[in-house]
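Student: Contents of model22.pdb (PDB, C-alpha atoms):
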```pdb
MODEL        1
ATOM      1  CA  MET G  15      58.023 -45.804  60.126
ATOM      2  CA  THR G  16      57.039 -42.665  62.008
ATOM      3  CA  GLN G  17      59.442 -39.866  62.851
ATOM      4  CA  THR G  18      57.047 -36.937  62.731
ATOM      5  CA  PRO G  19      58.620 -33.553  63.519
ATOM      6  CA  ASP G  20      57.314 -31.365  66.266
ATOM      7  CA  GLN G  21      54.224 -29.492  65.110
ATOM      8  CA  ALA G  22      55.788 -26.139  65.951
ATOM      9  CA  THR G  23      58.833 -26.795  63.757
ATOM     10  CA  PRO G  24      58.598 -25.417  60.209
ATOM     11  CA  ARG G  25      59.378 -27.901  57.486
ATOM     12  CA  VAL G  26      59.196 -28.583  53.768
ATOM     13  CA  LEU G  27      56.758 -31.436  53.109
ATOM     14  CA  VAL G  28      57.433 -33.721  50.137
ATOM     15  CA  GLY G  29      55.402 -36.610  48.721
ATOM     16  CA  VAL G  30      57.568 -39.708  48.270
ATOM     17  CA  ASP G  31      56.227 -42.405  45.951
ATOM     18  CA  GLY G  32      59.168 -44.418  44.637
ATOM     19  CA  SER G  33      59.162 -42.712  41.224
ATOM     20  CA  ASP G  34      61.932 -40.720  39.549
ATOM     21  CA  ASP G  35      59.808 -37.587  39.845
ATOM     22  CA  GLY G  36      59.330 -38.312  43.542
ATOM     23  CA  LEU G  37      63.101 -38.427  44.029
ATOM     24  CA  ARG G  38      63.452 -35.282  41.952
ATOM     25  CA  ALA G  39      60.908 -33.614  44.235
ATOM     26  CA  THR G  40      62.897 -34.815  47.255
ATOM     27  CA  ARG G  41      66.127 -33.345  45.881
ATOM     28  CA  TYR G  42      64.412 -30.038  45.189
ATOM     29  CA  ALA G  43      62.739 -29.997  48.624
ATOM     30  CA  ALA G  44      66.049 -30.770  50.359
ATOM     31  CA  GLY G  45      67.634 -27.802  48.595
ATOM     32  CA  ARG G  46      64.728 -25.637  49.674
ATOM     33  CA  ALA G  47      65.072 -26.814  53.285
ATOM     34  CA  LEU G  48      68.791 -25.972  53.194
ATOM     35  CA  ARG G  49      68.144 -22.539  51.722
ATOM     36  CA  LYS G  50      65.483 -21.699  54.307
ATOM     37  CA  ASP G  51      67.331 -23.454  57.191
ATOM     38  CA  ILE G  52      64.334 -25.615  58.092
ATOM     39  CA  ASP G  53      63.615 -29.349  58.267
ATOM     40  CA  LEU G  54      62.479 -31.773  55.567
ATOM     41  CA  TRP G  55      59.419 -34.009  56.027
ATOM     42  CA  LEU G  56      59.135 -37.066  53.771
ATOM     43  CA  VAL G  57      55.702 -38.698  53.555
ATOM     44  CA  HIS G  58      54.654 -41.852  51.725
ATOM     45  CA  ALA G  59      50.911 -42.544  51.577
ATOM     46  CA  LEU G  60      49.554 -46.082  51.365
ATOM     47  CA  ASP G  61      46.416 -45.514  49.306
ATOM     48  CA  ASP G  62      43.561 -47.082  51.277
ATOM     49  CA  GLY G  63      41.814 -47.767  47.979
ATOM     50  CA  VAL G  64      44.700 -50.026  47.004
ATOM     51  CA  VAL G  65      44.777 -51.704  50.410
ATOM     52  CA  ALA G  66      41.021 -52.425  50.404
ATOM     53  CA  GLY G  67      40.820 -53.506  46.771
ATOM     54  CA  GLY G  68      38.147 -52.799  44.205
ATOM     55  CA  TRP G  69      35.794 -55.670  45.153
ATOM     56  CA  GLY G  70      35.988 -55.447  48.918
ATOM     57  CA  VAL G  71      38.943 -57.850  49.088
ATOM     58  CA  ILE G  72      41.297 -56.872  51.893
ATOM     59  CA  TYR G  73      44.929 -57.116  50.876
ATOM     60  CA  ASP G  74      47.767 -57.626  53.311
ATOM     61  CA  PRO G  75      49.255 -54.122  53.562
ATOM     62  CA  THR G  76      52.635 -55.490  54.684
ATOM     63  CA  VAL G  77      54.075 -55.594  51.173
ATOM     64  CA  LEU G  78      52.877 -52.067  50.422
ATOM     65  CA  GLU G  79      54.243 -50.816  53.726
ATOM     66  CA  GLN G  80      57.628 -52.386  53.015
ATOM     67  CA  ALA G  81      57.662 -50.738  49.601
ATOM     68  CA  GLY G  82      56.790 -47.431  51.262
ATOM     69  CA  LYS G  83      59.639 -47.783  53.732
ATOM     70  CA  ALA G  84      62.017 -48.601  50.884
ATOM     71  CA  ALA G  85      60.869 -45.472  49.024
ATOM     72  CA  ILE G  86      61.441 -43.382  52.150
ATOM     73  CA  THR G  87      64.917 -44.873  52.685
ATOM     74  CA  GLN G  88      65.871 -44.063  49.107
ATOM     75  CA  ALA G  89      64.532 -40.515  49.458
ATOM     76  CA  VAL G  90      66.487 -39.982  52.696
ATOM     77  CA  GLU G  91      69.714 -40.856  50.892
ATOM     78  CA  VAL G  92      68.878 -38.422  48.089
ATOM     79  CA  ALA G  93      68.313 -35.646  50.632
ATOM     80  CA  VAL G  94      71.574 -36.456  52.435
ATOM     81  CA  GLN G  95      73.458 -36.409  49.135
ATOM     82  CA  ARG G  96      71.935 -32.973  48.517
ATOM     83  CA  GLY G  97      73.651 -31.838  51.713
ATOM     84  CA  LEU G  98      70.865 -31.952  54.300
ATOM     85  CA  PRO G  99      71.912 -33.427  57.693
ATOM     86  CA  ARG G 100      70.096 -36.648  58.618
ATOM     87  CA  GLU G 101      68.880 -35.178  61.884
ATOM     88  CA  ARG G 102      66.887 -32.617  59.904
ATOM     89  CA  ILE G 103      65.061 -35.282  57.884
ATOM     90  CA  HIS G 104      61.794 -36.695  59.236
ATOM     91  CA  SER G 105      59.518 -39.294  57.681
ATOM     92  CA  ASP G 106      56.119 -40.986  57.860
ATOM     93  CA  VAL G 107      54.422 -43.884  56.091
ATOM     94  CA  LEU G 108      50.687 -43.318  56.463
ATOM     95  CA  VAL G 109      47.515 -45.057  55.267
ATOM     96  CA  GLY G 110      44.948 -42.989  53.391
ATOM     97  CA  HIS G 111      44.283 -41.213  50.134
ATOM     98  CA  PRO G 112      47.495 -39.353  49.213
ATOM     99  CA  ALA G 113      45.768 -36.067  48.338
ATOM    100  CA  VAL G 114      43.773 -36.069  51.580
ATOM    101  CA  ILE G 115      46.827 -36.897  53.689
ATOM    102  CA  MET G 116      48.993 -34.231  52.065
ATOM    103  CA  GLU G 117      46.223 -31.653  52.372
ATOM    104  CA  GLU G 118      45.917 -32.311  56.101
ATOM    105  CA  LEU G 119      49.678 -32.254  56.692
ATOM    106  CA  SER G 120      50.055 -29.065  54.662
ATOM    107  CA  GLN G 121      48.537 -27.190  57.588
ATOM    108  CA  ARG G 122      51.824 -27.810  59.427
ATOM    109  CA  ALA G 123      54.192 -27.169  56.517
ATOM    110  CA  GLU G 124      55.986 -24.169  55.033
ATOM    111  CA  SER G 125      55.456 -25.594  51.545
ATOM    112  CA  VAL G 126      54.649 -28.876  49.790
ATOM    113  CA  VAL G 127      56.740 -30.323  46.943
ATOM    114  CA  VAL G 128      55.351 -33.084  44.705
ATOM    115  CA  GLY G 129      56.323 -34.751  41.445
ATOM    116  CA  ARG G 130      54.133 -33.952  38.454
ATOM    117  CA  ARG G 131      53.569 -37.287  36.759
ATOM    118  CA  ALA G 132      54.577 -40.937  36.885
ATOM    119  CA  ALA G 133      53.813 -44.147  35.052
ATOM    120  CA  SER G 134      52.656 -47.149  37.002
ATOM    121  CA  GLY G 135      52.442 -49.121  40.230
ATOM    122  CA  LEU G 136      53.220 -47.259  43.430
ATOM    123  CA  GLU G 137      54.199 -44.261  41.301
ATOM    124  CA  ARG G 138      50.535 -43.501  40.643
ATOM    125  CA  MET G 139      50.037 -42.456  44.260
ATOM    126  CA  PHE G 140      51.306 -38.930  43.684
ATOM    127  CA  VAL G 141      50.463 -38.442  40.011
ATOM    128  CA  GLY G 142      48.422 -35.724  38.327
ATOM    129  CA  SER G 143      45.236 -35.790  40.345
ATOM    130  CA  THR G 144      47.155 -35.510  43.610
ATOM    131  CA  SER G 145      49.209 -32.492  42.575
ATOM    132  CA  THR G 146      46.233 -30.651  41.058
ATOM    133  CA  SER G 147      44.019 -31.464  44.027
ATOM    134  CA  LEU G 148      46.670 -30.211  46.437
ATOM    135  CA  ALA G 149      47.029 -26.992  44.495
ATOM    136  CA  ALA G 150      43.366 -26.242  45.129
ATOM    137  CA  THR G 151      43.204 -27.336  48.776
ATOM    138  CA  ALA G 152      46.623 -27.100  50.459
ATOM    139  CA  ALA G 153      47.040 -24.677  53.338
ATOM    140  CA  CYS G 154      50.488 -23.634  52.078
ATOM    141  CA  PRO G 155      52.150 -23.088  48.678
ATOM    142  CA  VAL G 156      52.602 -26.176  46.484
ATOM    143  CA  ILE G 157      55.583 -26.663  44.150
ATOM    144  CA  VAL G 158      55.180 -29.200  41.348
ATOM    145  CA  ILE G 159      58.205 -30.511  39.434
ATOM    146  CA  SER G 160      58.960 -33.197  36.861
ATOM    147  CA  SER G 161      61.724 -34.516  34.636
ATOM    148  CA  ALA G 162      60.721 -31.943  32.012
ATOM    149  CA  SER G 163      60.760 -29.024  34.437
ATOM    150  CA  THR G 164      63.841 -30.055  36.414
ATOM    151  CA  PRO G 165      66.067 -32.351  34.329
ATOM    152  CA  GLY G 166      69.162 -31.627  36.414
ATOM    153  CA  PRO G 167      69.860 -31.145  40.127
ATOM    154  CA  ALA G 168      69.201 -27.401  39.957
ATOM    155  CA  THR G 169      68.169 -24.629  37.593
ATOM    156  CA  THR G 170      70.406 -21.627  37.020
ATOM    157  CA  HIS G 171      68.427 -18.875  35.292
ATOM    158  CA  GLU G 172      68.443 -16.710  38.452
ATOM    159  CA  ARG G 173      64.943 -15.518  37.652
ATOM    160  CA  ILE G 174      61.556 -16.196  39.248
ATOM    161  CA  GLY G 175      58.351 -15.415  37.390
ATOM    162  CA  VAL G 176      54.961 -14.587  38.860
ATOM    163  CA  ALA G 177      52.043 -14.724  36.443
ATOM    164  CA  ILE G 178      49.130 -12.404  37.113
ATOM    165  CA  GLY G 179      45.870 -11.847  35.283
ATOM    166  CA  SER G 180      42.837  -9.744  36.021
ATOM    167  CA  GLY G 181      42.817 -10.600  39.726
ATOM    168  CA  LYS G 182      43.941  -8.031  42.287
ATOM    169  CA  SER G 183      45.415 -10.406  44.881
ATOM    170  CA  ASP G 184      49.081  -9.767  45.689
ATOM    171  CA  LYS G 185      49.591 -13.026  47.581
ATOM    172  CA  GLY G 186      51.489 -14.694  44.735
ATOM    173  CA  LEU G 187      53.515 -11.553  44.097
ATOM    174  CA  ARG G 188      54.602 -11.274  47.704
ATOM    175  CA  TRP G 189      55.524 -14.948  47.863
ATOM    176  CA  GLY G 190      57.549 -14.418  44.698
ATOM    177  CA  CYS G 191      59.342 -11.429  46.226
ATOM    178  CA  GLN G 192      60.202 -13.439  49.322
ATOM    179  CA  GLU G 193      61.558 -16.275  47.180
ATOM    180  CA  ALA G 194      63.562 -13.883  45.000
ATOM    181  CA  ALA G 195      65.017 -12.123  48.047
ATOM    182  CA  ARG G 196      66.119 -15.397  49.610
ATOM    183  CA  ARG G 197      67.633 -16.678  46.367
ATOM    184  CA  ASP G 198      69.062 -13.284  45.327
ATOM    185  CA  THR G 199      67.396 -13.531  41.921
ATOM    186  CA  VAL G 200      65.349 -11.289  39.641
ATOM    187  CA  LEU G 201      61.576 -11.290  40.021
ATOM    188  CA  GLU G 202      59.667 -10.988  36.759
ATOM    189  CA  ILE G 203      55.997 -10.063  36.983
ATOM    190  CA  ILE G 204      54.248 -11.495  33.936
ATOM    191  CA  HIS G 205      50.850 -10.110  33.008
ATOM    192  CA  VAL G 206      49.072 -12.271  30.445
ATOM    193  CA  ALA G 207      45.883 -10.976  28.852
ATOM    194  CA  PRO G 208      43.864 -12.842  26.195
ATOM    195  CA  SER G 209      43.908 -11.242  22.762
ATOM    196  CA  GLN G 210      40.797  -9.238  21.920
ATOM    197  CA  SER G 211      40.769 -10.878  18.488
ATOM    198  CA  SER G 212      40.349 -14.632  18.200
ATOM    199  CA  SER G 213      40.458 -14.978  14.412
ATOM    200  CA  ALA G 214      43.145 -17.005  12.690
ATOM    201  CA  LEU G 215      44.112 -13.912  10.689
ATOM    202  CA  ALA G 216      44.970 -12.096  13.918
ATOM    203  CA  LEU G 217      47.781 -14.576  14.530
ATOM    204  CA  VAL G 218      49.707 -13.283  11.507
ATOM    205  CA  SER G 219      48.458  -9.700  11.337
ATOM    206  CA  PRO G 220      50.098  -6.685  13.051
ATOM    207  CA  PRO G 221      48.546  -5.672  16.378
ATOM    208  CA  SER G 222      45.458  -3.521  15.976
ATOM    209  CA  LYS G 223      45.202  -0.065  17.523
ATOM    210  CA  SER G 224      42.850  -1.480  20.145
ATOM    211  CA  GLU G 225      45.434  -4.108  21.139
ATOM    212  CA  GLU G 226      48.159  -1.473  21.299
ATOM    213  CA  THR G 227      45.906   0.613  23.525
ATOM    214  CA  GLN G 228      45.185  -2.424  25.692
ATOM    215  CA  ARG G 229      48.892  -3.214  26.013
ATOM    216  CA  GLY G 230      49.724   0.353  27.009
ATOM    217  CA  ARG G 231      47.043   0.387  29.686
ATOM    218  CA  LEU G 232      48.139  -3.008  31.041
ATOM    219  CA  GLU G 233      51.791  -1.981  31.114
ATOM    220  CA  ARG G 234      50.956   1.136  33.155
ATOM    221  CA  GLU G 235      48.882  -0.890  35.610
ATOM    222  CA  LEU G 236      51.633  -3.497  35.861
ATOM    223  CA  GLU G 237      54.306  -0.906  36.594
ATOM    224  CA  ALA G 238      52.115   0.623  39.310
ATOM    225  CA  ARG G 239      51.858  -2.758  41.057
ATOM    226  CA  ALA G 240      55.587  -3.337  40.610
ATOM    227  CA  ASP G 241      56.415   0.063  42.137
ATOM    228  CA  ALA G 242      54.392  -0.809  45.236
ATOM    229  CA  LEU G 243      56.354  -4.055  45.617
ATOM    230  CA  ARG G 244      59.684  -2.286  45.046
ATOM    231  CA  ARG G 245      58.943  -0.093  48.044
ATOM    232  CA  ASP G 246      58.283  -3.130  50.239
ATOM    233  CA  PHE G 247      61.118  -5.264  48.820
ATOM    234  CA  PRO G 248      63.895  -2.807  47.895
ATOM    235  CA  GLN G 249      66.486  -5.603  47.824
ATOM    236  CA  VAL G 250      64.704  -7.386  44.948
ATOM    237  CA  LYS G 251      65.197  -6.409  41.325
ATOM    238  CA  ILE G 252      61.688  -6.435  39.849
ATOM    239  CA  GLU G 253      61.001  -6.477  36.117
ATOM    240  CA  THR G 254      57.693  -6.535  34.264
ATOM    241  CA  THR G 255      56.524  -8.304  31.118
ATOM    242  CA  CYS G 256      53.159  -7.755  29.439
ATOM    243  CA  LEU G 257      51.952 -10.450  27.035
ATOM    244  CA  ILE G 258      48.766 -10.640  24.994
ATOM    245  CA  GLY G 259      47.625 -13.951  23.547
ATOM    246  CA  GLN G 260      46.870 -17.501  24.672
ATOM    247  CA  PRO G 261      47.821 -17.528  28.403
ATOM    248  CA  SER G 262      48.878 -21.170  28.713
ATOM    249  CA  ASP G 263      51.033 -21.109  25.557
ATOM    250  CA  LEU G 264      52.732 -17.861  26.518
ATOM    251  CA  LEU G 265      53.461 -18.975  30.082
ATOM    252  CA  ILE G 266      54.788 -22.356  28.956
ATOM    253  CA  GLY G 267      57.126 -20.593  26.544
ATOM    254  CA  ARG G 268      58.255 -18.119  29.209
ATOM    255  CA  SER G 269      58.921 -20.933  31.710
ATOM    256  CA  ALA G 270      62.008 -21.989  29.715
ATOM    257  CA  ASP G 271      63.902 -19.009  31.175
ATOM    258  CA  LEU G 272      62.716 -19.272  34.793
ATOM    259  CA  ASP G 273      63.789 -21.157  37.908
ATOM    260  CA  LEU G 274      60.238 -21.052  39.273
ATOM    261  CA  LEU G 275      56.921 -19.940  37.800
ATOM    262  CA  ILE G 276      54.339 -18.924  40.418
ATOM    263  CA  LEU G 277      50.636 -19.059  39.653
ATOM    264  CA  THR G 278      47.770 -17.938  41.879
ATOM    265  CA  VAL G 279      44.962 -20.494  41.691
ATOM    266  CA  ARG G 280      41.305 -19.920  42.374
ATOM    267  CA  PRO G 281      39.610 -23.225  43.228
ATOM    268  CA  ARG G 282      36.235 -23.754  41.639
ATOM    269  CA  ALA G 283      33.190 -24.590  43.708
ATOM    270  CA  ILE G 284      32.163 -27.548  41.528
ATOM    271  CA  THR G 285      33.239 -30.827  43.113
ATOM    272  CA  GLY G 286      35.910 -32.590  41.121
ATOM    273  CA  ILE G 287      37.079 -29.526  39.210
ATOM    274  CA  ALA G 288      40.078 -28.238  41.105
ATOM    275  CA  LEU G 289      41.873 -26.053  38.577
ATOM    276  CA  GLY G 290      41.130 -24.295  35.322
ATOM    277  CA  GLY G 291      42.359 -25.530  31.968
ATOM    278  CA  ALA G 292      45.133 -22.941  31.635
ATOM    279  CA  VAL G 293      46.708 -23.914  34.964
ATOM    280  CA  ARG G 294      46.481 -27.606  34.104
ATOM    281  CA  ALA G 295      48.150 -26.957  30.748
ATOM    282  CA  VAL G 296      51.008 -25.085  32.403
ATOM    283  CA  LEU G 297      51.431 -27.882  34.949
ATOM    284  CA  ALA G 298      51.578 -30.452  32.172
ATOM    285  CA  HIS G 299      54.091 -28.674  29.957
ATOM    286  CA  ALA G 300      56.057 -26.085  31.961
ATOM    287  CA  LEU G 301      59.829 -26.194  31.560
ATOM    288  CA  CYS G 302      60.497 -25.117  35.147
ATOM    289  CA  PRO G 303      59.043 -25.958  38.562
ATOM    290  CA  VAL G 304      55.586 -24.450  39.066
ATOM    291  CA  GLY G 305      54.589 -22.884  42.387
ATOM    292  CA  LEU G 306      50.877 -22.745  43.138
ATOM    293  CA  ILE G 307      49.337 -20.577  45.826
ATOM    294  CA  ARG G 308      45.716 -19.907  46.703
TER     295      ARG G 308
ENDMDL
END
```
Let me see whether you can do it: turn the structure in this file into structure tokens.
Tutor:
Amino acid sequence: MTQTPDQATPRVLVGVDGSDDGLRATRYAAGRALRKDIDLWLVHALDDGVVAGGWGVIYDPTVLEQAGKAAITQAVEVAVQRGLPRERIHSDVLVGHPAVIMEELSQRAESVVVGRRAASGLERMFVGSTSTSLAATAACPVIVISSASTPGPATTHERIGVAIGSGKSDKGLRWGCQEAARRDTVLEIIHVAPSQSSSALALVSPPSKSEETQRGRLERELEARADALRRDFPQVKIETTCLIGQPSDLLIGRSADLDLLILTVRPRAITGIALGGAVRAVLAHALCPVGLIR
């Protein structure tokens, strides 16, 4: 099944794998395509490792291909039910490693949407390692969702969060502003800094003067960055939040009140290590969809 859209046409790319999270990703991606008035691109990857087998035995890929087509058909119906016209839905069943295929296709996409985790069988094709690998290599933003992050058809907090740390890149902030402007929602810039004290006593003790000084400095810096964005995006209401503590725990807790949490990722040079522990923790436990941008 190949109905690839024209390369010049913008589209939202979604990984379809036959799992509940894959269908949830499709529903979310269809809503995004509607909101941005662009096309949807459904892709199912036949893992060549599964086709070849672990001992060099070549399996007949027909059964896997039929399962892939069935997954695509189901996803198309989900997108149509979401309100997207059939003529704006395109699909491919391709052979290759899912992460590699999605990385290559991301060069022609506005964004990629994938499910976060799944359990068995064909569902493993877009689980965990695929989403984290894509986050570190995709040429466009990646949005990861799951049953925990998106239990219903849509979230309604009307608030997008962008987490920033010590880095000076504004790429995630500007993407967040664009998303907030299109959705007519509040943008919350969240600065998370590790606590200067790591002792167990610090968890129950009042903030020290040094931490209060650190918070004041960070809040001033955060407001300066927010003011620059307010000038460029006057239509967006921008708020700031400064948090000091364990970054992953604080962001996971904050995600309960967001429609989308955007993180800027910095891929590591060591092969096989795509994302840091804090980002992986947020991906595993966030209570809203997580947007990842390099």
Student: Just to confirm, what's the straight-line distance from CA of Ile203 in chain G to CA of Ser183 in chain G in Å (one decimal)?
Tutor: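 Answer for the CA of Ile203 in chain G to CA of Ser183 in chain G separation: 13.2 Å.
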Student: Looking at all atoms listed in the file, which of G:Ile52, G:Cys256, G:Ser209, G:Arg308 is the one that sits closest to Arg231 in chain G?
Tutor: G:Cys256
Student: So that all listed atoms of range 175-192 of chain G fit with 5 Å spare on each side, what axis-aligned box centre and edge lengths in Å, to one decimal, would you give as lines of an AutoDock Vina configuration file?
Tutor:
```
center_x = 51.5
center_y = -11.7
center_z = 42.3
size_x = 27.4
size_y = 17.4
size_z = 24.0
```
Student: Give as a ChimeraX atom specification the residues that the PyMOL selection byres ((chain G and resi 236) around 12) matches when applied to the coordinates above.
Tutor: /G:176-182,184,187,202-207,229-235,237-243,252-257
Student: Measuring between only C-alpha atoms, which one of G:Leu78, G:Leu119, G:Val126, G:Ala85 shows the shortest distance to Val28 in chain G?
Tutor: G:Val126
Student: The PyMOL selection byres ((chain G and resi 149) around 8) on the file shown: which residues, as an MDAnalysis selection string?
Tutor: chainID G and resid 145:148 150:152 155:156 279 288:289 306:308
Student: Give me, please, the distance in Å between CA of Arg244 in chain G and CA of Val304 in chain G, quoted to one decimal.
Tutor: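 Value for the CA of Arg244 in chain G-CA of Val304 in chain G distance: 23.3 Å.
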Student: To one decimal place, how far is CA of Ile159 in chain G from CA of Phe247 in chain G in Å?
Tutor: 27.1 Å
Student: For this structure, which residues satisfy the selection - the PyMOL selection byres ((chain G and resi 44) around 9) - when it is evaluated on the file as given? I want them as an MDAnalysis selection string.
Tutor: chainID G and resid 26 39:43 45:49 53:54 92:94 96:98 103
Student: Please provide as a PyMOL selection string all residues within 9 Å of His171 in chain G, with the sequence filter that same-chain residues fewer than 5 positions apart are discarded (counting only C-alpha atoms).
Tutor: chain G and resi 199+271-273
Student: Between G:Glu226, G:Glu79, G:Asp61, G:Asp35, which residue has the minimum interatomic distance to Val127 in chain G, considering only C-alpha atoms?
Tutor: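 Under the stated criterion, the closest residue is G:Asp35.
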Student: So, with all atoms listed in the file as the atoms that count, which of G:Lys251, G:Val200, G:Ala123, G:Ile258 lies closest to Thr227 in chain G?
Tutor: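 Of G:Lys251, G:Val200, G:Ala123, G:Ile258, the one nearest Thr227 in chain G, counting all atoms listed in the file, is G:Ile258.
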Student: Give the answer as one residue: which of G:Val90, G:Gly175, G:Pro165, G:Cys154 has the shortest atom-to-atom distance to Arg38 in chain G, using only C-alpha atoms?
Tutor: G:Pro165
Student: Starting from the point (60.7, -38.6, 57.6), work out which residues of protein, DNA or RNA have an atom no more than 6 Å away when counting only C-alpha atoms; state them as number ranges by chain.
Tutor: G: 17, 55-56, 103-106
Student: Can you work out which one of G:Arg280, G:Lys185, G:His299, G:His58 has the shortest atom-to-atom distance to Met116 in chain G, counting only C-alpha atoms?
Tutor: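 Smallest distance to Met116 in chain G is found for G:His58.
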